[in-house]
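Visitor: Shown below is the structure under consideration.
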Amino acid sequence: VLNEDLTLNISKTIEHAEMVIFSGNDPEATGFGMSGGIALEMPKWLKNAGIKIVAISPDLNHSAAVHADKWIPIKPNTDAALYLAVAFVWIDEGSYDQDYVSTHTTGFEEFENHVKGRDDGIPKSPAWAEKITGIPVATIKALAREWAVKKTTLSVYFGGPKVRGTLSHLATRTEAYILAMQGFGSPGRQFLRTG
(Lines give C-alpha, C1' and ligand atoms only; values in the text may rest on other atoms or scores of the structure.)
Protein backbone atom coordinates (compact mmCIF):
# COMPACT_ATOMS: atom_id res chain seq x y z
CA VAL A 1 0.00 0.00 0.00
CA LEU A 2 2.82 2.41 0.81
CA ASN A 3 4.38 2.09 -2.63
CA GLU A 4 0.98 2.57 -4.32
CA ASP A 5 0.41 5.76 -2.30
CA LEU A 6 3.94 6.92 -3.01
CA THR A 7 3.62 6.24 -6.73
CA LEU A 8 0.37 8.21 -6.87
CA ASN A 9 1.96 11.10 -4.95
CA ILE A 10 4.95 11.21 -7.30
CA SER A 11 2.69 10.87 -10.36
CA LYS A 12 0.61 13.87 -9.29
CA THR A 13 3.76 15.87 -8.68
CA ILE A 14 5.13 15.03 -12.12
CA GLU A 15 1.79 15.88 -13.73
CA HIS A 16 1.29 19.27 -12.06
CA ALA A 17 4.38 20.68 -10.34
CA GLU A 18 6.74 23.18 -11.91
CA MET A 19 9.25 23.16 -9.07
CA VAL A 20 10.10 20.75 -6.24
CA ILE A 21 12.03 21.83 -3.18
CA PHE A 22 14.13 19.13 -1.54
CA SER A 23 14.05 20.48 1.98
CA GLY A 24 16.90 19.04 4.01
CA ASN A 25 16.78 15.67 2.33
CA ASP A 26 18.76 13.39 0.05
CA PRO A 27 16.41 10.81 -1.48
CA GLU A 28 19.15 9.49 -3.76
CA ALA A 29 21.37 8.40 -0.85
CA THR A 30 18.67 7.33 1.62
CA GLY A 31 16.15 5.69 -0.68
CA PHE A 32 16.11 2.17 0.67
CA GLY A 33 14.08 2.99 3.76
CA MET A 34 10.37 2.24 3.77
CA SER A 35 9.94 3.24 0.12
CA GLY A 36 12.42 0.84 -1.42
CA GLY A 37 13.99 2.00 -4.65
CA ILE A 38 11.26 4.44 -5.69
CA ALA A 39 12.91 7.40 -3.96
CA LEU A 40 16.14 6.65 -5.81
CA GLU A 41 14.34 7.11 -9.11
CA MET A 42 12.14 10.04 -8.13
CA PRO A 43 14.73 12.80 -8.74
CA LYS A 44 15.38 11.37 -12.21
CA TRP A 45 11.66 11.32 -13.00
CA LEU A 46 11.33 14.95 -11.92
CA LYS A 47 14.26 16.01 -14.11
CA ASN A 48 12.92 14.06 -17.11
CA ALA A 49 9.59 15.86 -16.67
CA GLY A 50 11.34 19.25 -16.81
CA ILE A 51 10.55 20.10 -13.18
CA LYS A 52 13.02 22.42 -11.50
CA ILE A 53 14.61 21.04 -8.32
CA VAL A 54 15.85 23.36 -5.58
CA ALA A 55 17.78 21.68 -2.77
CA ILE A 56 17.96 23.44 0.59
CA SER A 57 20.39 21.72 2.94
CA PRO A 58 23.54 22.39 4.94
CA ASP A 59 25.50 19.85 2.91
CA LEU A 60 25.94 19.51 -0.82
CA ASN A 61 24.55 16.00 -0.69
CA HIS A 62 24.30 13.60 -3.62
CA SER A 63 20.76 14.59 -4.69
CA ALA A 64 21.62 18.29 -4.49
CA ALA A 65 24.87 17.84 -6.41
CA VAL A 66 23.53 15.56 -9.12
CA HIS A 67 19.88 16.53 -9.60
CA ALA A 68 19.25 20.04 -8.24
CA ASP A 69 19.11 23.04 -10.53
CA LYS A 70 19.94 25.18 -7.51
CA TRP A 71 21.48 24.30 -4.14
CA ILE A 72 20.84 26.73 -1.30
CA PRO A 73 23.16 26.05 1.64
CA ILE A 74 21.60 26.73 5.02
CA LYS A 75 22.94 26.60 8.57
CA PRO A 76 21.68 23.46 10.33
CA ASN A 77 18.31 23.71 12.11
CA THR A 78 17.51 27.23 10.84
CA ASP A 79 14.84 26.24 8.29
CA ALA A 80 12.04 27.84 10.32
CA ALA A 81 13.72 31.23 9.97
CA LEU A 82 13.93 30.74 6.20
CA TYR A 83 10.26 29.81 5.96
CA LEU A 84 9.24 32.82 8.08
CA ALA A 85 11.22 35.09 5.76
CA VAL A 86 9.55 33.52 2.71
CA ALA A 87 6.18 34.19 4.35
CA PHE A 88 7.30 37.77 5.05
CA VAL A 89 7.97 38.34 1.33
CA TRP A 90 4.64 36.79 0.34
CA ILE A 91 2.71 38.91 2.85
CA ASP A 92 4.62 42.05 1.88
CA GLU A 93 4.02 41.48 -1.83
CA GLY A 94 0.54 39.94 -1.56
CA SER A 95 1.76 36.87 -3.44
CA TYR A 96 0.11 34.20 -1.32
CA ASP A 97 -3.24 32.52 -1.97
CA GLN A 98 -5.45 34.85 0.05
CA ASP A 99 -8.66 33.04 -0.91
CA TYR A 100 -7.31 29.71 0.29
CA VAL A 101 -6.03 31.22 3.53
CA SER A 102 -9.38 32.87 4.25
CA THR A 103 -11.43 29.73 3.52
CA HIS A 104 -9.14 26.89 4.68
CA THR A 105 -7.15 28.20 7.63
CA THR A 106 -7.65 29.75 11.04
CA GLY A 107 -5.37 32.06 12.98
CA PHE A 108 -3.65 33.63 9.98
CA GLU A 109 -3.87 37.11 11.50
CA GLU A 110 -1.78 35.97 14.49
CA PHE A 111 0.74 34.34 12.15
CA GLU A 112 0.92 37.50 10.05
CA ASN A 113 1.43 39.59 13.19
CA HIS A 114 4.31 37.32 14.20
CA VAL A 115 5.90 37.38 10.73
CA LYS A 116 5.65 41.18 10.57
CA GLY A 117 7.00 41.49 14.14
CA ARG A 118 3.92 43.15 15.58
CA ASP A 119 3.88 40.74 18.52
CA ASP A 120 7.58 40.77 19.46
CA GLY A 121 9.07 43.78 17.65
CA ILE A 122 11.16 41.55 15.33
CA PRO A 123 10.03 41.49 11.69
CA LYS A 124 10.95 38.11 10.19
CA SER A 125 12.32 39.74 7.06
CA PRO A 126 14.90 38.26 4.70
CA ALA A 127 17.53 40.48 6.36
CA TRP A 128 16.61 39.00 9.76
CA ALA A 129 16.74 35.46 8.33
CA GLU A 130 20.07 36.00 6.58
CA LYS A 131 21.81 36.44 9.96
CA ILE A 132 20.31 33.18 11.22
CA THR A 133 20.39 30.96 8.12
CA GLY A 134 23.44 32.28 6.29
CA ILE A 135 21.32 32.58 3.13
CA PRO A 136 21.72 35.97 1.42
CA VAL A 137 18.72 38.30 1.31
CA ALA A 138 18.65 38.22 -2.50
CA THR A 139 18.50 34.41 -2.50
CA ILE A 140 15.65 34.35 0.03
CA LYS A 141 13.67 36.88 -1.99
CA ALA A 142 14.32 35.05 -5.26
CA LEU A 143 13.21 31.74 -3.72
CA ALA A 144 10.06 33.31 -2.28
CA ARG A 145 9.14 34.99 -5.55
CA GLU A 146 9.74 31.91 -7.69
CA TRP A 147 7.85 29.72 -5.21
CA ALA A 148 4.91 32.14 -5.35
CA VAL A 149 4.55 32.00 -9.13
CA LYS A 150 5.39 28.35 -9.79
CA LYS A 151 3.34 25.36 -8.74
CA THR A 152 5.74 24.21 -6.06
CA THR A 153 5.83 20.94 -4.15
CA LEU A 154 7.83 20.54 -0.96
CA SER A 155 9.70 17.24 -0.56
CA VAL A 156 10.93 16.12 2.84
CA TYR A 157 12.25 12.59 2.84
CA PHE A 158 11.59 10.90 6.21
CA GLY A 159 11.40 14.37 7.74
CA GLY A 160 14.95 15.21 6.77
CA PRO A 161 17.73 15.98 9.22
CA LYS A 162 16.16 19.31 10.06
CA VAL A 163 13.45 17.64 12.15
CA ARG A 164 15.97 15.97 14.44
CA GLY A 165 17.56 18.97 16.15
CA THR A 166 16.83 21.41 18.92
CA LEU A 167 13.48 23.16 18.35
CA SER A 168 13.04 21.15 15.15
CA HIS A 169 9.27 21.24 15.52
CA LEU A 170 9.40 24.88 14.42
CA ALA A 171 10.57 23.93 10.91
CA THR A 172 7.79 21.40 10.39
CA ARG A 173 5.21 23.81 11.76
CA THR A 174 6.30 26.65 9.48
CA GLU A 175 6.36 24.26 6.50
CA ALA A 176 2.67 23.66 7.09
CA TYR A 177 2.02 27.40 7.30
CA ILE A 178 3.73 28.26 4.05
CA LEU A 179 2.21 25.30 2.23
CA ALA A 180 -1.19 26.65 3.30
CA MET A 181 -0.22 30.11 2.08
CA GLN A 182 0.20 28.67 -1.42
CA GLY A 183 -3.05 26.68 -1.50
CA PHE A 184 -1.93 23.34 -0.12
CA GLY A 185 -3.43 20.41 -2.02
CA SER A 186 -4.13 22.27 -5.23
CA PRO A 187 -2.47 20.74 -8.32
CA GLY A 188 1.30 20.95 -8.03
CA ARG A 189 1.22 22.55 -4.60
CA GLN A 190 1.59 19.67 -2.24
CA PHE A 191 3.84 17.82 0.14
CA LEU A 192 5.78 15.09 -1.64
CA ARG A 193 6.09 12.22 0.77
CA THR A 194 8.81 9.94 -0.48
CA GLY A 195 9.19 7.86 2.63
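Residue names in the C-alpha coordinates use chain letters A, B, ... in the order shown, residue numbers from 1 in each chain, and ligand numbers from 1 in the order shown.
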Any chance you could tabulate, as CSV, the residues of range 85-157 of chain A at most 12 Å from range 65-70 of chain A with each one's nearest atom pair and distance in Å to one decimal, using only C-alpha atoms, in chain and rising number order?

Guide:
residue,atom,partner,partner_atom,distance
A:Thr139,CA,A:Lys70,CA,10.6
A:Ala142,CA,A:Lys70,CA,11.6
A:Leu143,CA,A:Lys70,CA,10.1

Visitor: Could you go through chain A and tell me which residues DSSP, when run on the backbone, assigns to alpha helix (DSSP H), listing them as a PyMOL selection string?

Guide: chain A and resi 2-16+38-48+62-66+79-93+98-104+108-116+126-133+137-149+169-181

Visitor: For range 71-86 of chain A, work out the shell of residues within 8 Å, counting only C-alpha atoms and skipping chain neighbours fewer than 6 positions away, then give it as JSON, numbers by chain.

Guide: {"A": [54, 55, 56, 57, 58, 59, 60, 64, 65, 115, 124, 125, 126, 128, 129, 132, 133, 134, 135, 140, 141, 143, 144, 162, 163, 165, 166, 167, 168, 170, 171, 172, 174, 175, 178]}

Visitor: When you count only C-alpha atoms, which of these residues is closest to Lys116 in chain A: A:Val89, A:Asn61, A:Lys131, A:Val101?

Guide: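 Using only C-alpha atoms, the shortest distance to Lys116 in chain A belongs to A:Val89.
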
Visitor: For Gly94 in chain A, which of A:His114, A:His169, A:Lys52, A:Arg145 is the closest residue, counting only C-alpha atoms?

Guide: A:Arg145

Visitor: Quick one: pick out all strand (DSSP E) residues within range 3-195 of chain A from a backbone DSSP run and write them as a CSV table (one decimal) with N, CA, C and O atoms, in the first residue's frame.

Guide:
chain,number,residue,atom,x,y,z
A,19,MET,N,8.0,23.1,-9.9
A,19,MET,CA,9.3,23.2,-9.1
A,19,MET,C,9.1,22.3,-7.8
A,19,MET,O,8.0,22.2,-7.3
A,20,VAL,N,10.1,21.6,-7.5
A,20,VAL,CA,10.1,20.8,-6.2
A,20,VAL,C,11.3,21.2,-5.4
A,20,VAL,O,12.4,21.4,-5.9
A,21,ILE,N,11.0,21.4,-4.1
A,21,ILE,CA,12.0,21.8,-3.2
A,21,ILE,C,12.4,20.6,-2.3
A,21,ILE,O,11.5,20.1,-1.6
A,22,PHE,N,13.6,20.2,-2.4
A,22,PHE,CA,14.1,19.1,-1.5
A,22,PHE,C,14.6,19.9,-0.3
A,22,PHE,O,15.6,20.5,-0.2
A,23,SER,N,13.8,19.7,0.8
A,23,SER,CA,14.0,20.5,2.0
A,23,SER,C,14.8,19.6,3.0
A,23,SER,O,14.2,18.8,3.7
A,52,LYS,N,11.9,21.8,-12.2
A,52,LYS,CA,13.0,22.4,-11.5
A,52,LYS,C,13.1,21.9,-10.1
A,52,LYS,O,12.1,21.7,-9.4
A,53,ILE,N,14.4,21.5,-9.7
A,53,ILE,CA,14.6,21.0,-8.3
A,53,ILE,C,15.5,22.0,-7.6
A,53,ILE,O,16.6,22.4,-8.1
A,54,VAL,N,15.1,22.5,-6.5
A,54,VAL,CA,15.9,23.4,-5.6
A,54,VAL,C,16.1,22.6,-4.3
A,54,VAL,O,15.2,22.1,-3.7
A,55,ALA,N,17.4,22.4,-4.0
A,55,ALA,CA,17.8,21.7,-2.8
A,55,ALA,C,18.2,22.7,-1.7
A,55,ALA,O,19.1,23.5,-2.0
A,56,ILE,N,17.6,22.6,-0.5
A,56,ILE,CA,18.0,23.4,0.6
A,56,ILE,C,18.5,22.5,1.7
A,56,ILE,O,17.7,21.7,2.3
A,70,LYS,N,19.4,24.2,-8.4
A,70,LYS,CA,19.9,25.2,-7.5
A,70,LYS,C,20.1,24.5,-6.1
A,70,LYS,O,19.2,23.9,-5.7
A,71,TRP,N,21.3,24.7,-5.5
A,71,TRP,CA,21.5,24.3,-4.1
A,71,TRP,C,21.6,25.6,-3.3
A,71,TRP,O,22.3,26.5,-3.6
A,72,ILE,N,20.8,25.6,-2.2
A,72,ILE,CA,20.8,26.7,-1.3
A,72,ILE,C,21.4,26.2,0.0
A,72,ILE,O,20.7,25.5,0.7
A,152,THR,N,4.6,24.7,-6.8
A,152,THR,CA,5.7,24.2,-6.1
A,152,THR,C,5.3,23.2,-5.1
A,152,THR,O,4.4,23.4,-4.3
A,153,THR,N,6.0,22.0,-5.1
A,153,THR,CA,5.8,20.9,-4.2
A,153,THR,C,7.0,20.9,-3.2
A,153,THR,O,8.2,21.1,-3.7
A,154,LEU,N,6.8,20.6,-2.0
A,154,LEU,CA,7.8,20.5,-1.0
A,154,LEU,C,8.1,19.1,-0.7
A,154,LEU,O,7.2,18.3,-0.3
A,155,SER,N,9.3,18.6,-0.8
A,155,SER,CA,9.7,17.2,-0.6
A,155,SER,C,10.6,17.2,0.7
A,155,SER,O,11.6,17.8,0.8
A,191,PHE,N,2.7,18.3,-0.6
A,191,PHE,CA,3.8,17.8,0.1
A,191,PHE,C,4.2,16.5,-0.5
A,191,PHE,O,3.4,15.6,-0.4
A,192,LEU,N,5.4,16.3,-1.0
A,192,LEU,CA,5.8,15.1,-1.6
A,192,LEU,C,6.4,14.2,-0.6
A,192,LEU,O,7.5,14.4,-0.1

Visitor: Between A:Tyr177, A:Glu146, A:Thr13, A:Pro27, which is the closest to Thr106 in chain A once you count only C-alpha atoms?

Guide: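 Answer, going by the shortest atom-to-atom distance: A:Tyr177.
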
Visitor: Excluding Lys12 in chain A and residues on its chain fewer than 4 positions from it, collect all residues at most 8 Å away from it, counting only C-alpha atoms, and give them as an NGL selection string.

Guide: :A and (8 or 16-17 or 187-188)

Visitor: Just how far from CA of Gln190 in chain A is CA of Asn9 in chain A, in Å to one decimal?

Guide: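 Computed distance, CA of Asn9 in chain A to CA of Gln190 in chain A, equals 9.0 Å.
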
Visitor: Go ahead and compute the interatomic distance for CA of Arg173 in chain A and CA of Met42 in chain A, in Å to one decimal.

Guide: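 Those two atoms sit 25.2 Å apart.
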
Visitor: Using only C-alpha atoms, which protein or nucleic acid residues come within 9 Å of Thr30 in chain A? Drop anything in the same chain fewer than 3 positions from it, and give the result as a list in words.

Guide: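 In the requested form, the answer reads Asn25, Asp26, Pro27, Gly33, Ala39, Leu40 and Tyr157 of chain A.
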
Visitor: Output all heavy atoms for every residue in that selection, as an mmCIF file, in the first residue's frame.

Guide:
data_model
loop_
_atom_site.group_PDB
_atom_site.id
_atom_site.type_symbol
_atom_site.label_atom_id
_atom_site.label_comp_id
_atom_site.auth_asym_id
_atom_site.auth_seq_id
_atom_site.Cartn_x
_atom_site.Cartn_y
_atom_site.Cartn_z
ATOM 1 N N ASN A 25 16.823 17.108 2.563
ATOM 2 C CA ASN A 25 16.783 15.671 2.328
ATOM 3 C C ASN A 25 17.702 15.258 1.182
ATOM 4 O O ASN A 25 18.174 16.094 0.423
ATOM 5 C CB ASN A 25 15.348 15.197 2.069
ATOM 6 C CG ASN A 25 14.736 15.796 0.826
ATOM 7 O OD1 ASN A 25 15.305 16.656 0.177
ATOM 8 N ND2 ASN A 25 13.560 15.353 0.483
ATOM 9 N N ASP A 26 17.937 13.970 1.099
ATOM 10 C CA ASP A 26 18.760 13.392 0.053
ATOM 11 C C ASP A 26 18.156 12.058 -0.351
ATOM 12 O O ASP A 26 18.627 11.001 0.056
ATOM 13 C CB ASP A 26 20.197 13.206 0.556
ATOM 14 C CG ASP A 26 21.138 12.699 -0.524
ATOM 15 O OD1 ASP A 26 20.705 12.578 -1.694
ATOM 16 O OD2 ASP A 26 22.303 12.424 -0.195
ATOM 17 N N PRO A 27 17.071 12.068 -1.134
ATOM 18 C CA PRO A 27 16.415 10.806 -1.476
ATOM 19 C C PRO A 27 17.315 9.842 -2.238
ATOM 20 O O PRO A 27 17.171 8.635 -2.124
ATOM 21 C CB PRO A 27 15.211 11.236 -2.315
ATOM 22 C CG PRO A 27 15.509 12.607 -2.769
ATOM 23 C CD PRO A 27 16.398 13.217 -1.733
ATOM 24 N N GLY A 33 14.867 3.090 2.540
ATOM 25 C CA GLY A 33 14.080 2.991 3.761
ATOM 26 C C GLY A 33 12.765 2.319 3.452
ATOM 27 O O GLY A 33 12.702 1.345 2.711
ATOM 28 N N ALA A 39 12.313 6.086 -4.240
ATOM 29 C CA ALA A 39 12.910 7.395 -3.958
ATOM 30 C C ALA A 39 14.208 7.600 -4.728
ATOM 31 O O ALA A 39 14.563 8.728 -5.047
ATOM 32 C CB ALA A 39 13.147 7.559 -2.461
ATOM 33 N N LEU A 40 14.912 6.535 -5.024
ATOM 34 C CA LEU A 40 16.145 6.653 -5.810
ATOM 35 C C LEU A 40 15.857 7.139 -7.225
ATOM 36 O O LEU A 40 16.657 7.861 -7.819
ATOM 37 C CB LEU A 40 16.853 5.299 -5.889
ATOM 38 C CG LEU A 40 17.337 4.692 -4.577
ATOM 39 C CD1 LEU A 40 17.775 3.258 -4.796
ATOM 40 C CD2 LEU A 40 18.447 5.514 -3.986
ATOM 41 N N TYR A 157 12.110 14.039 2.776
ATOM 42 C CA TYR A 157 12.251 12.592 2.837
ATOM 43 C C TYR A 157 12.478 12.136 4.265
ATOM 44 O O TYR A 157 13.467 12.492 4.891
ATOM 45 C CB TYR A 157 13.414 12.165 1.946
ATOM 46 C CG TYR A 157 13.509 10.684 1.773
ATOM 47 C CD1 TYR A 157 12.665 10.030 0.885
ATOM 48 C CD2 TYR A 157 14.409 9.939 2.511
ATOM 49 C CE1 TYR A 157 12.731 8.666 0.728
ATOM 50 C CE2 TYR A 157 14.478 8.573 2.347
ATOM 51 C CZ TYR A 157 13.639 7.943 1.459
ATOM 52 O OH TYR A 157 13.702 6.591 1.311
#

Visitor: Quick one, how far is CA of Thr103 in chain A from CA of Leu179 in chain A?

Guide: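 These atoms are spaced 14.4 Å apart.
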
Visitor: Which residue gives the smallest distance to Leu46 in chain A among A:Ala87, A:Ala180, A:Ala29, A:Ile14, with only C-alpha atoms counted?

Guide: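 Counting only C-alpha atoms, the residue closest to Leu46 in chain A is A:Ile14.
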